[in-house]
Structures are given as structure tokens and as C-alpha cells.
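The structure appears below as C-alpha cells.
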Amino acid sequence: MSALTLAPVRVGKEARRPVSVMIAGAVLVLVILAAVLAPVLAPYAPDAIDLSASLVGTGGEHLLGTDSSGQDLLSRALYGARTSLIAPILLLAIAALLGVVLGTLAAWRGGWVDTLVSRLTDVMYAFPGLLFTVMIIAVFGAGMTTSVLALGLAYTPTVAKYTRSVALAERRKPYIDAYRVQGMGGARICARHLVPNLGRSVIGYLVVLFGEALMSLATLSYLGFGAQPPSSDWGLMVQEGQAAVVQGALLPALVPGFAIALVVVSFNVVGVWAADRLGSRR
């Protein structure tokens, strides 16, 4: 009797979302809504310069203050959320497209193909991601587009290795042999059955990587390799606000820095939870 009465309570606790996940999810929803509604919510244009209001503190006209050029920090942060959220998605889309193809190919073909892909990813791992990205930017020039493409290539080996590991386990399942017996080709099995069955695990892993991708792009913008003025990218805002810290004005660097930290932590909390949930349902 005791086991029967305790079982429903245990299942209910397992199904309940942790409070931290709910808070982090609410934060992300608010940030996404703020980015979408930036033209409505922003009190000023993000590039509106007012030198007479340089480094003004919080107040009725500027809720979060202004930077050294008199630009409203709230408006810039709202518009900067767009770049800071969309760019990591594009980056991970590139990494997922290339990484899933390479990882699935290595797991399915095995042999020399698997060895070649493994050696290729090992060579990519020999270079730190940001160093590899800076090398590409040095050749093709700075800018957000180049940064997204370069970091997409830098993240490809990580996604490829993860995809290969889960694809190897999936490839051993009986339904793969059943489709082979029916005469279905390898490319068709992978495209119609194997890769879709990897979807939950790969998506969960990409959600975990989102915070790291956002941080990497912000770092490049801070170093001057990513977004360029007059962009309102958060990483660039931190770099531009650094000089104001010497003058005792912390808000120009603190506002975008806090936004980056808040979104990265929230995505990490939600990402780990989502990865566990999606992985358990495979």
C-alpha cells in the first residue's frame, strides 16, 4: 500500500519543472519579447546622439542612463538584443548543418571515412575556437557576418563529435537492419529515419551551446572583430563603455554586460534541463 501511495507523488515531482528553470525561462521570454518589440519599447532611436546628455545617470528621460555620446542605454540594449540573439542562432545553424552531416557520415560509413572525419575534427580542435576565428577574420575582414561564419566552422567539430556518438548508438538499433533487409539505401535510411531520430538529442545539445555561442560573439565584438559601430551589439557596447568607467560612469559597460550575463546564465539553466529531458525521451 505504501508503494502505491508514494508512486504518484514521486512521478509528480519528476514532472514538475524546477523553480530555477521556470525563472530562467521567464527571463528568456522577456528578452525575446523585448527584442521583437524594440521599436515600440525603445524611447529613443538606438543611434540618436545627444552630446549635451553625455554620461547622464538614471532618470525620467533616460531610465538606464546614457553613454559618452549621449545615446540612450535602454534603447541600445533593446535593439542590441536582436543581434545578440539572432547571431548565435545563425552560428549554431551553420555548425549543426555541417556537424550533423559529418557526424552521421562518420558513424554510418565507419572505416577510413570515420578515421578521416575524426582526424579532421582533431585538427580543428588543435586550434582554440576564438584563435581560429580571428585567423579567418584576419583574411576576410572584421564584421558580424564573418564572425558568424567563422565561429560556425569553429563549432562544427564539437557538433560533429556529439552527433557521431549518438548516431553510433542509433545505428545499432534493430530498425536500421529492418530497413536494410527491405532494400532501402543507406542515404535514404539516414535522411528519413536516422537523422530525425537524432533530432531531440542534437537540439538539446545546441540549446546548451547557445550561451557559449552568444558569449563568443560578444567577445569578438568586444575585441573589435565582430559587430562594428554604430551597431548596438551588447559586446560592442561593453567595449565602448569601458572608457567611461575611468570617468566614474559604470552604466555604459554595466548595462550590456549584465544583459549578456543574464541571458547566458538563463540559457545554460534552461539548456541543461532541456538536454536532460530530450535525452531521456530518446
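Within each chain, counting starts at residue 1; across the C-alpha cells, chains are named A, B, ... in the order shown, with ligands numbered 1 upward in that order.
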If we count only C-alpha atoms, what is near His62 (chain A) at a cut-off of 10 Å, once residues fewer than 4 positions away on the same chain are taken out, given as a ChimeraX atom specification? /A:43-44,53,56-58,66,70-75
Write a file of the just-selected residues containing all heavy atoms, as a PDB file, in the first residue's frame.
ATOM      1  N   PRO A  43      12.583  54.164 -26.045  1.00  0.00           N
ATOM      2  CA  PRO A  43      12.155  55.575 -26.009  1.00  0.00           C
ATOM      3  C   PRO A  43      12.881  56.451 -27.032  1.00  0.00           C
ATOM      4  O   PRO A  43      12.395  57.536 -27.377  1.00  0.00           O
ATOM      5  CB  PRO A  43      12.490  56.006 -24.579  1.00  0.00           C
ATOM      6  CG  PRO A  43      13.581  55.080 -24.144  1.00  0.00           C
ATOM      7  CD  PRO A  43      13.312  53.774 -24.833  1.00  0.00           C
ATOM      8  N   TYR A  44      14.041  55.997 -27.509  1.00  0.00           N
ATOM      9  CA  TYR A  44      14.813  56.769 -28.476  1.00  0.00           C
ATOM     10  C   TYR A  44      15.321  55.828 -29.573  1.00  0.00           C
ATOM     11  O   TYR A  44      15.319  54.604 -29.403  1.00  0.00           O
ATOM     12  CB  TYR A  44      16.020  57.467 -27.822  1.00  0.00           C
ATOM     13  CG  TYR A  44      15.658  58.403 -26.698  1.00  0.00           C
ATOM     14  CD1 TYR A  44      15.619  57.959 -25.372  1.00  0.00           C
ATOM     15  CD2 TYR A  44      15.381  59.739 -26.944  1.00  0.00           C
ATOM     16  CE1 TYR A  44      15.299  58.818 -24.331  1.00  0.00           C
ATOM     17  CE2 TYR A  44      15.059  60.614 -25.902  1.00  0.00           C
ATOM     18  CZ  TYR A  44      15.014  60.144 -24.609  1.00  0.00           C
ATOM     19  OH  TYR A  44      14.693  60.997 -23.583  1.00  0.00           O
ATOM     20  N   ALA A  53      23.722  65.345 -23.361  1.00  0.00           N
ATOM     21  CA  ALA A  53      23.277  64.380 -22.348  1.00  0.00           C
ATOM     22  C   ALA A  53      24.313  63.284 -22.148  1.00  0.00           C
ATOM     23  O   ALA A  53      23.985  62.159 -21.786  1.00  0.00           O
ATOM     24  CB  ALA A  53      21.936  63.776 -22.755  1.00  0.00           C
ATOM     25  N   VAL A  56      24.797  60.754 -18.724  1.00  0.00           N
ATOM     26  CA  VAL A  56      23.747  61.100 -17.772  1.00  0.00           C
ATOM     27  C   VAL A  56      23.348  59.832 -17.012  1.00  0.00           C
ATOM     28  O   VAL A  56      23.248  58.753 -17.583  1.00  0.00           O
ATOM     29  CB  VAL A  56      22.525  61.697 -18.503  1.00  0.00           C
ATOM     30  CG1 VAL A  56      21.333  61.836 -17.549  1.00  0.00           C
ATOM     31  CG2 VAL A  56      22.886  63.053 -19.090  1.00  0.00           C
ATOM     32  N   GLY A  57      23.112  59.948 -15.731  1.00  0.00           N
ATOM     33  CA  GLY A  57      22.701  58.795 -14.932  1.00  0.00           C
ATOM     34  C   GLY A  57      21.233  58.455 -15.136  1.00  0.00           C
ATOM     35  O   GLY A  57      20.548  59.037 -15.980  1.00  0.00           O
ATOM     36  N   THR A  58      20.753  57.516 -14.350  1.00  0.00           N
ATOM     37  CA  THR A  58      19.359  57.097 -14.456  1.00  0.00           C
ATOM     38  C   THR A  58      18.438  58.244 -14.064  1.00  0.00           C
ATOM     39  O   THR A  58      18.739  59.043 -13.177  1.00  0.00           O
ATOM     40  CB  THR A  58      19.089  55.897 -13.535  1.00  0.00           C
ATOM     41  OG1 THR A  58      19.411  56.249 -12.185  1.00  0.00           O
ATOM     42  CG2 THR A  58      19.933  54.696 -13.946  1.00  0.00           C
ATOM     43  N   THR A  66      22.846  57.201 -20.090  1.00  0.00           N
ATOM     44  CA  THR A  66      23.358  57.342 -21.459  1.00  0.00           C
ATOM     45  C   THR A  66      24.843  57.014 -21.489  1.00  0.00           C
ATOM     46  O   THR A  66      25.510  56.919 -20.451  1.00  0.00           O
ATOM     47  CB  THR A  66      23.155  58.783 -21.971  1.00  0.00           C
ATOM     48  OG1 THR A  66      23.924  59.686 -21.150  1.00  0.00           O
ATOM     49  CG2 THR A  66      21.689  59.175 -21.921  1.00  0.00           C
ATOM     50  N   GLY A  70      25.875  60.299 -25.471  1.00  0.00           N
ATOM     51  CA  GLY A  70      24.520  60.709 -25.159  1.00  0.00           C
ATOM     52  C   GLY A  70      23.455  59.771 -25.687  1.00  0.00           C
ATOM     53  O   GLY A  70      22.270  60.112 -25.666  1.00  0.00           O
ATOM     54  N   GLN A  71      23.846  58.594 -26.148  1.00  0.00           N
ATOM     55  CA  GLN A  71      22.878  57.621 -26.643  1.00  0.00           C
ATOM     56  C   GLN A  71      22.206  56.909 -25.474  1.00  0.00           C
ATOM     57  O   GLN A  71      22.864  56.519 -24.512  1.00  0.00           O
ATOM     58  CB  GLN A  71      23.560  56.598 -27.553  1.00  0.00           C
ATOM     59  CG  GLN A  71      24.127  57.215 -28.828  1.00  0.00           C
ATOM     60  CD  GLN A  71      24.956  56.221 -29.619  1.00  0.00           C
ATOM     61  OE1 GLN A  71      25.929  55.674 -29.107  1.00  0.00           O
ATOM     62  NE2 GLN A  71      24.571  55.996 -30.859  1.00  0.00           N
ATOM     63  N   ASP A  72      20.893  56.741 -25.571  1.00  0.00           N
ATOM     64  CA  ASP A  72      20.129  56.120 -24.503  1.00  0.00           C
ATOM     65  C   ASP A  72      20.485  54.641 -24.378  1.00  0.00           C
ATOM     66  O   ASP A  72      20.366  53.874 -25.348  1.00  0.00           O
ATOM     67  CB  ASP A  72      18.630  56.274 -24.799  1.00  0.00           C
ATOM     68  CG  ASP A  72      17.770  55.747 -23.675  1.00  0.00           C
ATOM     69  OD1 ASP A  72      17.771  56.335 -22.589  1.00  0.00           O
ATOM     70  OD2 ASP A  72      17.107  54.702 -23.893  1.00  0.00           O
ATOM     71  N   LEU A  73      20.908  54.226 -23.191  1.00  0.00           N
ATOM     72  CA  LEU A  73      21.370  52.854 -22.991  1.00  0.00           C
ATOM     73  C   LEU A  73      20.229  51.849 -23.073  1.00  0.00           C
ATOM     74  O   LEU A  73      20.418  50.732 -23.559  1.00  0.00           O
ATOM     75  CB  LEU A  73      22.081  52.730 -21.642  1.00  0.00           C
ATOM     76  CG  LEU A  73      23.437  53.428 -21.538  1.00  0.00           C
ATOM     77  CD1 LEU A  73      23.980  53.342 -20.118  1.00  0.00           C
ATOM     78  CD2 LEU A  73      24.435  52.813 -22.522  1.00  0.00           C
ATOM     79  N   LEU A  74      19.058  52.212 -22.585  1.00  0.00           N
ATOM     80  CA  LEU A  74      17.919  51.298 -22.669  1.00  0.00           C
ATOM     81  C   LEU A  74      17.556  51.006 -24.115  1.00  0.00           C
ATOM     82  O   LEU A  74      17.334  49.842 -24.481  1.00  0.00           O
ATOM     83  CB  LEU A  74      16.712  51.894 -21.928  1.00  0.00           C
ATOM     84  CG  LEU A  74      15.406  51.094 -22.023  1.00  0.00           C
ATOM     85  CD1 LEU A  74      15.588  49.693 -21.455  1.00  0.00           C
ATOM     86  CD2 LEU A  74      14.274  51.833 -21.321  1.00  0.00           C
ATOM     87  N   SER A  75      17.520  52.032 -24.935  1.00  0.00           N
ATOM     88  CA  SER A  75      17.195  51.850 -26.348  1.00  0.00           C
ATOM     89  C   SER A  75      18.236  50.988 -27.050  1.00  0.00           C
ATOM     90  O   SER A  75      17.902  50.085 -27.831  1.00  0.00           O
ATOM     91  CB  SER A  75      17.090  53.214 -27.044  1.00  0.00           C
ATOM     92  OG  SER A  75      16.092  54.015 -26.440  1.00  0.00           O
TER      93      SER A  75
END
Could you produce a table of the residues of region 138-243 of chain A lying within 9 Å of region 260-269 of chain A, with the nearest pair of atoms per residue and their separation in Å rounded to one decimal, using only C-alpha atoms, ordered by chain and increasing residue number, as CSV?
residue,atom,partner,partner_atom,distance
A:Val207,CA,A:Phe267,CA,7.2
A:Val208,CA,A:Asn268,CA,5.8
A:Leu209,CA,A:Asn268,CA,8.0
A:Phe210,CA,A:Phe267,CA,6.9
A:Gly211,CA,A:Val264,CA,4.4
A:Glu212,CA,A:Val264,CA,7.3
A:Leu214,CA,A:Val264,CA,7.2
A:Met215,CA,A:Val264,CA,7.2
A:Ala218,CA,A:Ile260,CA,8.0
A:Trp234,CA,A:Ile260,CA,7.0
A:Gly235,CA,A:Ile260,CA,8.0
What does the distance from CA of Gly204 (chain A) to CA of Gly271 (chain A) come to in Å, to one decimal?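 The value is 6.7 Å.
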Atom-to-atom span, CA of Asp177 (chain A) and CA of Leu97 (chain A), Å: 25.9 Å
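Distances from A:Arg164, A:Ala26, A:Leu102, A:Ala227 to Thr145 (chain A) were compared using only C-alpha atoms, and the smallest one belongs to A:Ala227.
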Would you list the contacts of region 246-254 of chain A as a count of residues only, taking every protein, DNA or RNA residue within 7 Å and counting only C-alpha atoms, but skipping same-chain residues closer than 4 positions in sequence? 10
Within 9 Å of region 34-40 of chain A: each region 49-89 of chain A residue with its shortest pair, only C-alpha atoms, as a tab-separated table:
residue	atom	partner	partner_atom	distance
A:Ser75	CA	A:Ala38	CA	7.6
A:Ala77	CA	A:Ala35	CA	8.9
A:Leu78	CA	A:Ala38	CA	5.4
A:Tyr79	CA	A:Ala38	CA	5.7
A:Gly80	CA	A:Ala35	CA	7.7
A:Ala81	CA	A:Ala35	CA	5.2
A:Arg82	CA	A:Ala35	CA	5.2
A:Thr83	CA	A:Ala35	CA	8.9
A:Leu85	CA	A:Ala35	CA	8.4
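Between CA of Leu236 (chain A) and CA of Pro128 (chain A) the separation is 21.8 Å.
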Which of region 81-279 of chain A DSSP labels alpha helix (DSSP H), written as a ChimeraX atom specification: /A:81-109,111-125,129-140,144-171,174-181,186-189,195-223,234-246,251-279
